[in-house]
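Below: start-v6.csv (CSV, C-alpha atoms)
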chain,number,residue,atom,x,y,z
A,56,MET,CA,86.0,107.2,59.0
A,57,PRO,CA,82.3,107.9,59.6
A,58,LYS,CA,81.4,111.5,60.5
A,59,ILE,CA,80.0,110.6,63.9
A,60,VAL,CA,83.4,109.5,65.2
A,61,ASP,CA,84.9,112.8,63.9
A,62,HIS,CA,82.3,114.7,65.7
A,63,THR,CA,82.8,112.9,69.0
A,64,GLU,CA,86.6,113.1,68.7
A,65,ARG,CA,86.4,116.8,68.2
A,66,LYS,CA,84.1,117.2,71.2
A,67,ILE,CA,86.7,115.3,73.3
A,68,HIS,CA,89.5,117.5,71.9
A,69,ILE,CA,87.5,120.5,73.1
A,70,ALA,CA,86.8,119.0,76.5
A,71,GLU,CA,90.5,118.3,77.0
A,72,ALA,CA,91.3,121.9,76.1
A,73,THR,CA,88.7,123.0,78.7
A,74,TRP,CA,90.5,121.0,81.4
A,75,ARG,CA,93.8,122.6,80.5
A,76,VAL,CA,92.3,126.1,80.7
A,77,ILE,CA,90.7,125.3,84.1
A,78,LEU,CA,94.1,123.9,85.4
A,79,ASN,CA,96.0,127.0,84.3
A,80,GLN,CA,93.5,129.7,85.0
A,81,GLY,CA,90.8,128.2,87.3
A,82,MET,CA,87.1,128.3,86.4
A,83,ARG,CA,87.3,132.0,86.1
A,84,GLY,CA,89.3,131.6,82.9
A,85,ALA,CA,87.0,128.9,81.4
A,86,THR,CA,85.2,131.2,79.0
A,87,VAL,CA,84.1,129.9,75.6
A,88,ARG,CA,86.7,132.4,74.0
A,89,ASN,CA,89.6,131.0,76.0
A,90,ILE,CA,88.6,127.4,75.4
A,91,ALA,CA,88.3,128.0,71.7
A,92,GLU,CA,91.8,129.5,71.6
A,93,GLU,CA,93.3,126.6,73.6
A,94,ALA,CA,91.6,124.1,71.3
A,95,GLY,CA,92.9,126.0,68.2
A,96,LEU,CA,89.3,126.7,66.9
A,97,SER,CA,87.4,129.7,66.0
A,98,LEU,CA,84.5,130.7,68.2
A,99,GLY,CA,82.1,129.8,65.4
A,100,ALA,CA,83.7,126.3,65.0
A,101,LEU,CA,83.4,125.7,68.7
A,102,ARG,CA,79.8,126.7,68.7
A,103,HIS,CA,79.1,124.1,66.1
A,104,TYR,CA,80.0,121.5,68.8
A,105,PHE,CA,78.6,123.2,71.9
A,106,SER,CA,75.9,125.8,71.7
A,107,SER,CA,76.6,127.2,75.2
A,108,GLN,CA,79.3,127.3,77.9
A,109,HIS,CA,77.0,125.3,80.1
A,110,GLU,CA,76.7,122.5,77.6
A,111,LEU,CA,80.5,122.5,77.1
A,112,LEU,CA,81.3,122.4,80.8
A,113,ALA,CA,78.7,119.6,81.5
A,114,PHE,CA,80.3,117.6,78.7
A,115,ALA,CA,83.8,118.2,79.9
A,116,MET,CA,82.9,117.2,83.5
A,117,ASN,CA,81.0,114.1,82.4
A,118,LEU,CA,84.1,113.0,80.4
A,119,VAL,CA,86.2,113.2,83.6
A,120,LYS,CA,83.7,111.0,85.3
A,121,GLU,CA,83.5,108.5,82.4
A,122,ARG,CA,87.3,108.1,82.3
A,123,ALA,CA,87.3,107.4,86.0
A,124,ILE,CA,84.5,104.8,85.6
A,125,ALA,CA,86.4,103.2,82.7
A,126,ARG,CA,89.5,102.8,84.9
A,127,VAL,CA,87.5,101.4,87.8
A,128,GLU,CA,85.8,98.9,85.5
A,129,ALA,CA,89.1,97.7,84.1
A,130,ILE,CA,90.2,96.9,87.7
A,131,THR,CA,87.0,95.1,88.5
A,132,ARG,CA,87.8,92.7,85.6
A,133,CYS,CA,91.3,92.0,86.9
A,134,ASP,CA,92.1,88.8,88.8
A,135,LEU,CA,93.1,90.2,92.2
A,136,PRO,CA,92.5,89.3,95.8
A,137,PRO,CA,89.3,91.1,96.9
A,138,LYS,CA,90.7,93.5,99.5
A,139,GLU,CA,93.6,94.4,97.1
A,140,LYS,CA,91.0,95.0,94.4
A,141,VAL,CA,89.0,97.3,96.6
A,142,VAL,CA,92.1,99.4,97.5
A,143,ARG,CA,93.1,99.5,93.8
A,144,ILE,CA,89.7,100.8,92.9
A,145,LEU,CA,89.8,103.5,95.6
A,146,LEU,CA,93.2,104.6,94.4
A,147,GLU,CA,91.6,105.5,91.0
A,148,LEU,CA,89.4,108.0,92.9
A,149,VAL,CA,92.3,109.8,94.7
A,150,PRO,CA,95.0,111.9,92.9
A,151,VAL,CA,98.0,109.6,93.2
A,152,ASP,CA,99.6,110.6,89.8
A,153,GLU,CA,99.7,113.7,87.6
A,154,ASP,CA,96.8,112.7,85.3
A,155,LYS,CA,94.5,112.0,88.2
A,156,MET,CA,95.6,115.2,90.0
A,157,ALA,CA,94.6,117.2,87.0
A,158,GLU,CA,91.2,115.5,86.8
A,159,MET,CA,90.7,116.1,90.5
A,160,GLU,CA,91.6,119.8,90.3
A,161,VAL,CA,89.2,120.2,87.4
A,162,TRP,CA,86.5,118.4,89.2
A,163,PHE,CA,86.8,120.4,92.5
A,164,ALA,CA,87.0,123.7,90.6
A,165,PHE,CA,83.9,122.7,88.8
A,166,VAL,CA,82.0,121.6,92.0
A,167,PHE,CA,82.7,125.0,93.6
A,168,HIS,CA,81.9,126.9,90.5
A,169,ARG,CA,78.5,125.0,90.4
A,170,LYS,CA,77.9,125.8,94.1
A,171,TYR,CA,78.4,129.6,93.6
A,172,ASN,CA,76.5,129.9,90.3
A,173,GLU,CA,72.8,129.9,89.7
A,174,GLU,CA,72.9,127.3,86.9
A,175,SER,CA,71.9,123.9,88.2
A,176,PHE,CA,74.1,121.4,86.3
A,177,ALA,CA,71.8,118.7,87.5
A,178,GLU,CA,73.1,116.5,84.6
A,179,VAL,CA,76.6,116.3,86.2
A,180,ASP,CA,77.0,114.1,89.3
A,181,ASP,CA,80.3,112.3,90.2
A,182,GLY,CA,78.4,109.2,91.2
A,183,LEU,CA,81.0,108.6,93.9
A,184,HIS,CA,78.5,108.2,96.8
A,185,ALA,CA,76.6,105.5,94.9
A,186,GLY,CA,79.8,103.9,93.7
A,187,ILE,CA,81.3,103.6,97.3
A,188,GLY,CA,78.0,102.1,98.4
A,189,LYS,CA,78.4,99.4,95.7
A,190,LEU,CA,82.0,98.8,96.9
A,191,ILE,CA,80.8,98.2,100.5
A,192,GLN,CA,78.1,95.8,99.1
A,193,PHE,CA,80.8,94.0,97.1
A,194,ILE,CA,83.0,93.5,100.2
A,195,ASP,CA,79.9,92.2,102.0
A,196,SER,CA,78.9,89.9,99.2
A,197,LEU,CA,82.2,88.1,99.6
A,198,GLU,CA,81.5,87.8,103.3
A,199,LEU,CA,84.5,89.9,104.1
A,200,LEU,CA,82.7,92.7,105.9
A,201,ARG,CA,82.7,92.6,109.7
A,202,HIS,CA,79.3,91.5,111.0
A,203,ASP,CA,79.1,94.4,113.5
A,204,VAL,CA,79.2,97.2,111.0
A,205,ASP,CA,76.3,99.3,109.6
A,206,LYS,CA,76.7,99.3,105.8
A,207,GLU,CA,75.1,102.8,105.4
A,208,ILE,CA,77.4,104.3,108.0
A,209,GLU,CA,80.4,102.5,106.5
A,210,SER,CA,79.6,103.9,103.0
A,211,GLU,CA,79.3,107.4,104.4
A,212,ARG,CA,82.6,107.0,106.2
A,213,LEU,CA,84.5,105.7,103.3
A,214,TYR,CA,83.0,108.3,100.9
A,215,ALA,CA,84.2,111.1,103.2
A,216,LEU,CA,87.6,109.5,103.7
A,217,VAL,CA,88.1,109.2,99.9
A,218,ASP,CA,87.1,112.8,99.2
A,219,GLY,CA,89.0,114.1,102.2
A,220,LEU,CA,92.2,112.3,101.0
A,221,ALA,CA,91.6,113.6,97.5
A,222,LEU,CA,91.2,117.2,98.8
A,223,HIS,CA,94.4,116.9,101.0
A,224,ALA,CA,96.4,115.3,98.2
A,225,MET,CA,95.4,118.1,95.9
A,226,LEU,CA,96.2,120.9,98.4
A,227,ASP,CA,99.3,119.4,99.9
A,228,PRO,CA,100.7,116.7,97.5
A,229,ARG,CA,104.2,116.7,99.0
A,230,ARG,CA,103.0,115.7,102.4
A,231,LEU,CA,100.2,113.3,101.3
A,232,ASP,CA,102.0,111.3,98.7
A,233,GLN,CA,100.9,108.0,97.0
A,234,GLU,CA,102.6,105.8,99.6
A,235,ARG,CA,100.8,107.4,102.5
A,236,ILE,CA,97.4,107.3,100.7
A,237,VAL,CA,97.9,103.6,100.1
A,238,GLN,CA,98.7,103.1,103.8
A,239,VAL,CA,95.6,104.9,104.9
A,240,LEU,CA,93.3,103.2,102.5
A,241,THR,CA,94.7,99.7,103.1
A,242,HIS,CA,94.4,100.3,106.9
A,243,HIS,CA,90.8,101.5,106.5
A,244,ILE,CA,89.8,98.5,104.4
A,245,ASP,CA,91.5,96.1,106.8
A,246,SER,CA,89.7,97.7,109.7
A,247,ILE,CA,86.2,97.1,108.2
A,248,CYS,CA,87.0,93.6,107.1
A,249,ARG,CA,87.0,90.5,109.3
A,250,ASP,CA,90.3,89.1,110.5
B,93,MET,CA,86.8,152.7,125.9
B,94,PRO,CA,90.4,152.7,124.9
B,95,LYS,CA,91.1,153.3,121.2
B,96,ILE,CA,92.8,149.9,120.7
B,97,VAL,CA,89.5,148.1,121.4
B,98,ASP,CA,87.7,150.3,118.9
B,99,HIS,CA,90.3,149.6,116.3
B,100,THR,CA,90.1,145.8,116.8
B,101,GLU,CA,86.3,145.8,116.9
B,102,ARG,CA,86.2,147.7,113.6
B,103,LYS,CA,88.6,145.2,112.0
B,104,ILE,CA,86.3,142.3,113.2
B,105,HIS,CA,83.3,144.2,111.8
B,106,ILE,CA,85.1,144.4,108.4
B,107,ALA,CA,86.1,140.7,108.6
B,108,GLU,CA,82.5,139.7,109.2
B,109,ALA,CA,81.4,141.9,106.2
B,110,THR,CA,84.0,140.0,104.2
B,111,TRP,CA,82.5,136.7,105.1
B,112,ARG,CA,79.0,137.9,104.0
B,113,VAL,CA,80.4,139.0,100.7
B,114,ILE,CA,82.1,135.7,100.1
B,115,LEU,CA,78.9,133.8,101.1
B,116,ASN,CA,76.8,135.7,98.7
B,117,GLN,CA,79.1,136.2,95.8
B,118,GLY,CA,82.0,133.8,96.2
B,119,MET,CA,85.6,134.9,96.3
B,120,ARG,CA,85.2,136.6,92.9
B,121,GLY,CA,83.0,139.2,94.7
B,122,ALA,CA,85.4,139.8,97.5
B,123,THR,CA,86.9,143.0,96.2
B,124,VAL,CA,87.9,145.8,98.6
B,125,ARG,CA,85.1,147.9,97.1
B,126,ASN,CA,82.4,145.4,97.7
B,127,ILE,CA,83.6,144.7,101.2
B,128,ALA,CA,83.7,148.4,102.1
B,129,GLU,CA,80.1,148.8,100.8
B,130,GLU,CA,78.9,145.7,102.8
B,131,ALA,CA,80.7,147.1,106.0
B,132,GLY,CA,79.1,150.5,105.4
B,133,LEU,CA,82.5,152.2,105.1
B,134,SER,CA,84.2,154.4,102.5
B,135,LEU,CA,87.1,152.9,100.6
B,136,GLY,CA,89.4,155.3,102.4
B,137,ALA,CA,88.1,154.3,105.9
B,138,LEU,CA,88.5,150.6,105.0
B,139,ARG,CA,92.1,151.3,103.9
B,140,HIS,CA,92.8,152.8,107.3
B,141,TYR,CA,92.3,149.4,108.8
B,142,PHE,CA,93.7,147.2,106.0
B,143,SER,CA,96.2,148.5,103.5
B,144,SER,CA,95.6,145.7,100.9
B,145,GLN,CA,93.0,143.0,99.9
B,146,HIS,CA,95.6,140.4,100.8
B,147,GLU,CA,95.9,141.7,104.4
B,148,LEU,CA,92.2,141.9,104.8
B,149,LEU,CA,91.6,138.4,103.5
B,150,ALA,CA,94.4,137.0,105.8
B,151,PHE,CA,92.8,138.7,108.8
B,152,ALA,CA,89.3,137.5,107.9
B,153,MET,CA,90.4,133.9,107.5
B,154,ASN,CA,92.5,133.9,110.6
B,155,LEU,CA,89.4,135.1,112.5
B,156,VAL,CA,87.5,132.1,111.2
B,157,LYS,CA,90.2,129.9,112.6
B,158,GLU,CA,90.5,131.7,116.0
B,159,ARG,CA,86.7,131.4,116.6
B,160,ALA,CA,86.9,127.6,115.8
B,161,ILE,CA,89.9,127.3,118.2
B,162,ALA,CA,88.0,129.2,120.9
B,163,ARG,CA,85.0,126.8,120.6
B,164,VAL,CA,87.3,123.8,120.7
B,165,GLU,CA,89.1,125.1,123.8
B,166,ALA,CA,85.8,125.7,125.6
B,167,ILE,CA,84.9,122.0,125.1
B,168,THR,CA,88.3,120.8,126.3
B,169,ARG,CA,87.5,122.6,129.6
B,170,CYS,CA,84.1,120.8,130.0
B,171,ASP,CA,83.7,117.9,132.3
B,172,LEU,CA,82.8,115.2,129.8
B,173,PRO,CA,83.6,111.5,129.3
B,174,PRO,CA,86.8,111.4,127.0
B,175,LYS,CA,85.2,109.8,124.0
B,176,GLU,CA,82.2,112.1,124.1
B,177,LYS,CA,84.6,115.1,124.4
B,178,VAL,CA,86.5,114.0,121.3
B,179,VAL,CA,83.4,113.7,119.2
B,180,ARG,CA,82.1,117.1,120.5
B,181,ILE,CA,85.4,118.7,119.5
B,182,LEU,CA,85.2,117.1,116.0
B,183,LEU,CA,81.7,118.4,115.6
B,184,GLU,CA,83.1,121.9,116.0
B,185,LEU,CA,85.1,121.3,112.8
B,186,VAL,CA,82.3,120.1,110.6
B,187,PRO,CA,79.3,122.3,109.5
B,188,VAL,CA,76.4,121.0,111.7
B,189,ASP,CA,74.7,124.4,112.0
B,190,GLU,CA,74.2,127.5,110.0
B,191,ASP,CA,77.1,129.5,111.6
B,192,LYS,CA,79.6,126.7,111.1
B,193,MET,CA,78.3,126.1,107.5
B,194,ALA,CA,79.0,129.8,106.7
B,195,GLU,CA,82.5,129.5,108.2
B,196,MET,CA,83.2,126.4,106.2
B,197,GLU,CA,82.0,127.9,102.9
B,198,VAL,CA,84.1,130.9,103.5
B,199,TRP,CA,87.1,128.7,104.4
B,200,PHE,CA,86.8,126.4,101.4
B,201,ALA,CA,86.2,129.4,99.0
B,202,PHE,CA,89.4,130.9,100.4
B,203,VAL,CA,91.5,127.7,100.2
B,204,PHE,CA,90.6,127.3,96.5
B,205,HIS,CA,91.2,131.0,95.9
B,206,ARG,CA,94.6,130.7,97.4
B,207,LYS,CA,95.4,127.6,95.3
B,208,TYR,CA,94.6,129.4,92.0
B,209,ASN,CA,96.3,132.7,92.8
B,210,GLU,CA,100.0,133.5,92.9
B,211,GLU,CA,99.9,135.2,96.3
B,212,SER,CA,101.2,132.8,99.0
B,213,PHE,CA,99.1,133.5,102.1
B,214,ALA,CA,101.6,131.5,104.1
B,215,GLU,CA,100.3,133.3,107.2
B,216,VAL,CA,97.0,131.5,107.0
B,217,ASP,CA,96.8,127.8,107.9
B,218,ASP,CA,93.8,126.1,109.4
B,219,GLY,CA,96.0,124.1,111.8
B,220,LEU,CA,93.5,121.2,111.5
B,221,HIS,CA,96.2,118.6,110.6
B,222,ALA,CA,98.2,119.5,113.7
B,223,GLY,CA,95.0,119.7,115.9
B,224,ILE,CA,93.8,116.3,114.8
B,225,GLY,CA,97.3,114.9,115.7
B,226,LYS,CA,96.9,116.3,119.2
B,227,LEU,CA,93.5,114.8,119.5
B,228,ILE,CA,94.9,111.3,118.7
B,229,GLN,CA,97.6,111.9,121.3
B,230,PHE,CA,94.9,112.9,123.8
B,231,ILE,CA,93.0,109.7,123.3
B,232,ASP,CA,96.3,107.7,123.6
B,233,SER,CA,97.3,109.6,126.8
B,234,LEU,CA,94.1,108.3,128.4
B,235,GLU,CA,95.1,104.8,127.3
B,236,LEU,CA,91.9,104.6,125.2
B,237,LEU,CA,93.6,104.2,121.8
B,238,ARG,CA,93.8,100.6,120.5
B,239,HIS,CA,97.3,99.2,120.9
B,240,ASP,CA,97.5,97.9,117.3
B,241,VAL,CA,97.1,101.3,115.6
B,242,ASP,CA,99.7,103.6,114.1
B,243,LYS,CA,99.1,107.1,115.4
B,244,GLU,CA,100.4,108.8,112.3
B,245,ILE,CA,98.1,106.8,110.0
B,246,GLU,CA,95.2,107.3,112.4
B,247,SER,CA,95.8,111.1,112.4
B,248,GLU,CA,95.9,111.2,108.6
B,249,ARG,CA,92.7,109.1,108.4
B,250,LEU,CA,90.7,111.2,110.9
B,251,TYR,CA,91.9,114.4,109.3
B,252,ALA,CA,90.7,113.2,105.9
B,253,LEU,CA,87.4,111.9,107.4
B,254,VAL,CA,86.7,115.3,109.1
B,255,ASP,CA,87.4,117.4,105.9
B,256,GLY,CA,85.5,114.9,103.7
B,257,LEU,CA,82.5,115.1,106.0
B,258,ALA,CA,82.8,118.9,106.0
B,259,LEU,CA,83.0,119.0,102.2
B,260,HIS,CA,80.0,116.7,101.8
B,261,ALA,CA,77.9,118.5,104.4
B,262,MET,CA,78.6,121.8,102.6
B,263,LEU,CA,77.7,120.4,99.2
B,264,ASP,CA,74.8,118.3,100.2
B,265,PRO,CA,73.5,119.4,103.6
B,266,ARG,CA,70.1,117.8,103.3
B,267,ARG,CA,71.5,114.3,102.9
B,268,LEU,CA,74.4,114.6,105.3
B,269,ASP,CA,72.7,116.2,108.3
B,270,GLN,CA,73.9,116.6,111.9
B,271,GLU,CA,72.5,113.3,113.1
B,272,ARG,CA,74.3,111.3,110.4
B,273,ILE,CA,77.6,113.2,111.0
B,274,VAL,CA,77.4,112.4,114.7
B,275,GLN,CA,76.8,108.7,113.8
B,276,VAL,CA,79.8,108.5,111.5
B,277,LEU,CA,82.2,110.3,113.9
B,278,THR,CA,81.0,108.4,117.0
B,279,HIS,CA,81.4,105.1,115.1
B,280,HIS,CA,84.9,106.2,113.9
B,281,ILE,CA,86.1,107.1,117.4
B,282,ASP,CA,84.6,103.9,118.8
B,283,SER,CA,86.5,101.9,116.2
B,284,ILE,CA,89.9,103.3,117.1
B,285,CYS,CA,89.4,103.0,120.8
B,286,ARG,CA,89.7,99.9,122.9
B,287,ASP,CA,86.5,98.0,123.9

Show this structure as structure tokens.
Amino acid sequence: MPKIVDHTERKIHIAEATWRVILNQGMRGATVRNIAEEAGLSLGALRHYFSSQHELLAFAMNLVKERAIARVEAITRCDLPPKEKVVRILLELVPVDEDKMAEMEVWFAFVFHRKYNEESFAEVDDGLHAGIGKLIQFIDSLELLRHDVDKEIESERLYALVDGLALHAMLDPRRLDQERIVQVLTHHIDSICRD
Amino acid sequence: MPKIVDHTERKIHIAEATWRVILNQGMRGATVRNIAEEAGLSLGALRHYFSSQHELLAFAMNLVKERAIARVEAITRCDLPPKEKVVRILLELVPVDEDKMAEMEVWFAFVFHRKYNEESFAEVDDGLHAGIGKLIQFIDSLELLRHDVDKEIESERLYALVDGLALHAMLDPRRLDQERIVQVLTHHIDSICRD
């Protein structure tokens, strides 16, 4: 196996250890020392892959995003009725199962960490706002979108709805379960589409 | 002035100092020591009003909620067309000015602190889910709500929309400004009401 794969695989292994540390201890626990321990590596070995905590966090967060994008792209290639496809894509962005719940917790913890720290992390952006804009364009390109809607406002509304559902599902998963999330999203997409 | 007022005023003074500490340093900085310093009190004097950090945080968070409720109740007493009244109430729950932005930051910081700590804080609940349910009931009681909507699903959708907008306004206030928030909320309320 070429060394480049080894190197990338090891970085992914460390990123996954980072997620576990954040899930168990919050961002406060996400020190290089704790992450090395969780990954079963010495501090020196970890520093071989990431020269700073900043670089490690940025990599770990971008990996969350890449995995979500890969799932969304897999759905775009599926043969599904358009409205169903849109709802299926949105469901990849809301924590409806344990894996996604973990991703979402890690992501929110990171977003708040970034807000209250001086470091900029400009290299990490969830791309959700732009992605939702593309989804509204997709609905419109199929001539499904109602004529009387403003696409910018609809993008803003759907973006807020998705992150609001994600937040509530994370904070109160028993109340806001998968079935209810599907109902709300399906109803929303129906309401912006023509009869 | 009776002593009870003095006592309550002093507690409010300490709660406001707590908010400033959270705004400047995040929850991590919200130690009893830092809060006493910000309030200009000795640790002993602060302990006279709050016997634990838990009690102090619960009081400070409930005060955020009480102030929001007071603002909402003032609007319910205004003579306004019903749909405008609903939008005005929703705008009290989203950070459209500096004061509300500060409240929202403090609230989100606390909600995430609570999630990652063992203490339960069952005595603190923003009441937003129940409040939004009442707002949908209010629209319906005026026979404004569309007949074909499910009130439970509409409450869930509006609740997620409001918190999603609040989150985005907090994280990206330049993009999501007051004008845009008003547009999204007005459009949403129009869309669930009859023509």

In Å, how far is it from CA of Asp282 in chain B to CA of Ile181 in chain B?
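Taking CA of Asp282 in chain B and CA of Ile181 in chain B, their separation equals 14.8 Å.
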
- Task: For chain B, work out the contacting residues on chain A at 10 Å, counting only C-alpha atoms, and write them as a PyMOL selection string.
- Result: chain A and resi 77-83+160+163-164+166-172+184+204-205+207-226+231+235-236+238-240+242-243+246-247

Output file for the residues above (C-alpha atoms, as a PDB file, keeping the file's coordinate frame):
ATOM      1  CA  ILE A  77      90.700 125.300  84.100  1.00  0.00           C
ATOM      2  CA  LEU A  78      94.100 123.900  85.400  1.00  0.00           C
ATOM      3  CA  ASN A  79      96.000 127.000  84.300  1.00  0.00           C
ATOM      4  CA  GLN A  80      93.500 129.700  85.000  1.00  0.00           C
ATOM      5  CA  GLY A  81      90.800 128.200  87.300  1.00  0.00           C
ATOM      6  CA  MET A  82      87.100 128.300  86.400  1.00  0.00           C
ATOM      7  CA  ARG A  83      87.300 132.000  86.100  1.00  0.00           C
ATOM      8  CA  GLU A 160      91.600 119.800  90.300  1.00  0.00           C
ATOM      9  CA  PHE A 163      86.800 120.400  92.500  1.00  0.00           C
ATOM     10  CA  ALA A 164      87.000 123.700  90.600  1.00  0.00           C
ATOM     11  CA  VAL A 166      82.000 121.600  92.000  1.00  0.00           C
ATOM     12  CA  PHE A 167      82.700 125.000  93.600  1.00  0.00           C
ATOM     13  CA  HIS A 168      81.900 126.900  90.500  1.00  0.00           C
ATOM     14  CA  ARG A 169      78.500 125.000  90.400  1.00  0.00           C
ATOM     15  CA  LYS A 170      77.900 125.800  94.100  1.00  0.00           C
ATOM     16  CA  TYR A 171      78.400 129.600  93.600  1.00  0.00           C
ATOM     17  CA  ASN A 172      76.500 129.900  90.300  1.00  0.00           C
ATOM     18  CA  HIS A 184      78.500 108.200  96.800  1.00  0.00           C
ATOM     19  CA  VAL A 204      79.200  97.200 111.000  1.00  0.00           C
ATOM     20  CA  ASP A 205      76.300  99.300 109.600  1.00  0.00           C
ATOM     21  CA  GLU A 207      75.100 102.800 105.400  1.00  0.00           C
ATOM     22  CA  ILE A 208      77.400 104.300 108.000  1.00  0.00           C
ATOM     23  CA  GLU A 209      80.400 102.500 106.500  1.00  0.00           C
ATOM     24  CA  SER A 210      79.600 103.900 103.000  1.00  0.00           C
ATOM     25  CA  GLU A 211      79.300 107.400 104.400  1.00  0.00           C
ATOM     26  CA  ARG A 212      82.600 107.000 106.200  1.00  0.00           C
ATOM     27  CA  LEU A 213      84.500 105.700 103.300  1.00  0.00           C
ATOM     28  CA  TYR A 214      83.000 108.300 100.900  1.00  0.00           C
ATOM     29  CA  ALA A 215      84.200 111.100 103.200  1.00  0.00           C
ATOM     30  CA  LEU A 216      87.600 109.500 103.700  1.00  0.00           C
ATOM     31  CA  VAL A 217      88.100 109.200  99.900  1.00  0.00           C
ATOM     32  CA  ASP A 218      87.100 112.800  99.200  1.00  0.00           C
ATOM     33  CA  GLY A 219      89.000 114.100 102.200  1.00  0.00           C
ATOM     34  CA  LEU A 220      92.200 112.300 101.000  1.00  0.00           C
ATOM     35  CA  ALA A 221      91.600 113.600  97.500  1.00  0.00           C
ATOM     36  CA  LEU A 222      91.200 117.200  98.800  1.00  0.00           C
ATOM     37  CA  HIS A 223      94.400 116.900 101.000  1.00  0.00           C
ATOM     38  CA  ALA A 224      96.400 115.300  98.200  1.00  0.00           C
ATOM     39  CA  MET A 225      95.400 118.100  95.900  1.00  0.00           C
ATOM     40  CA  LEU A 226      96.200 120.900  98.400  1.00  0.00           C
ATOM     41  CA  LEU A 231     100.200 113.300 101.300  1.00  0.00           C
ATOM     42  CA  ARG A 235     100.800 107.400 102.500  1.00  0.00           C
ATOM     43  CA  ILE A 236      97.400 107.300 100.700  1.00  0.00           C
ATOM     44  CA  GLN A 238      98.700 103.100 103.800  1.00  0.00           C
ATOM     45  CA  VAL A 239      95.600 104.900 104.900  1.00  0.00           C
ATOM     46  CA  LEU A 240      93.300 103.200 102.500  1.00  0.00           C
ATOM     47  CA  HIS A 242      94.400 100.300 106.900  1.00  0.00           C
ATOM     48  CA  HIS A 243      90.800 101.500 106.500  1.00  0.00           C
ATOM     49  CA  SER A 246      89.700  97.700 109.700  1.00  0.00           C
ATOM     50  CA  ILE A 247      86.200  97.100 108.200  1.00  0.00           C
TER      51      ILE A 247
END

Students should find that CA of Ala113 in chain A and CA of Ser175 in chain A are spaced 10.5 Å

Exercise for review: Compile the contact shell of Ala152 in chain B as a ChimeraX atom specification: residues with an atom at most 9 Å away, counting all atoms listed in the file, same-chain residues fewer than 6 positions apart removed.
Suggested key: /B:103-104,106-108,110-111

| field | Among the residues A:Met159, A:Cys133, A:Leu101, A:Val127, the one that comes closest to Glu147 in chain A [using only C-alpha atoms] | value |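 The answer is A:Val127, which sits nearest to Glu147 in chain A.
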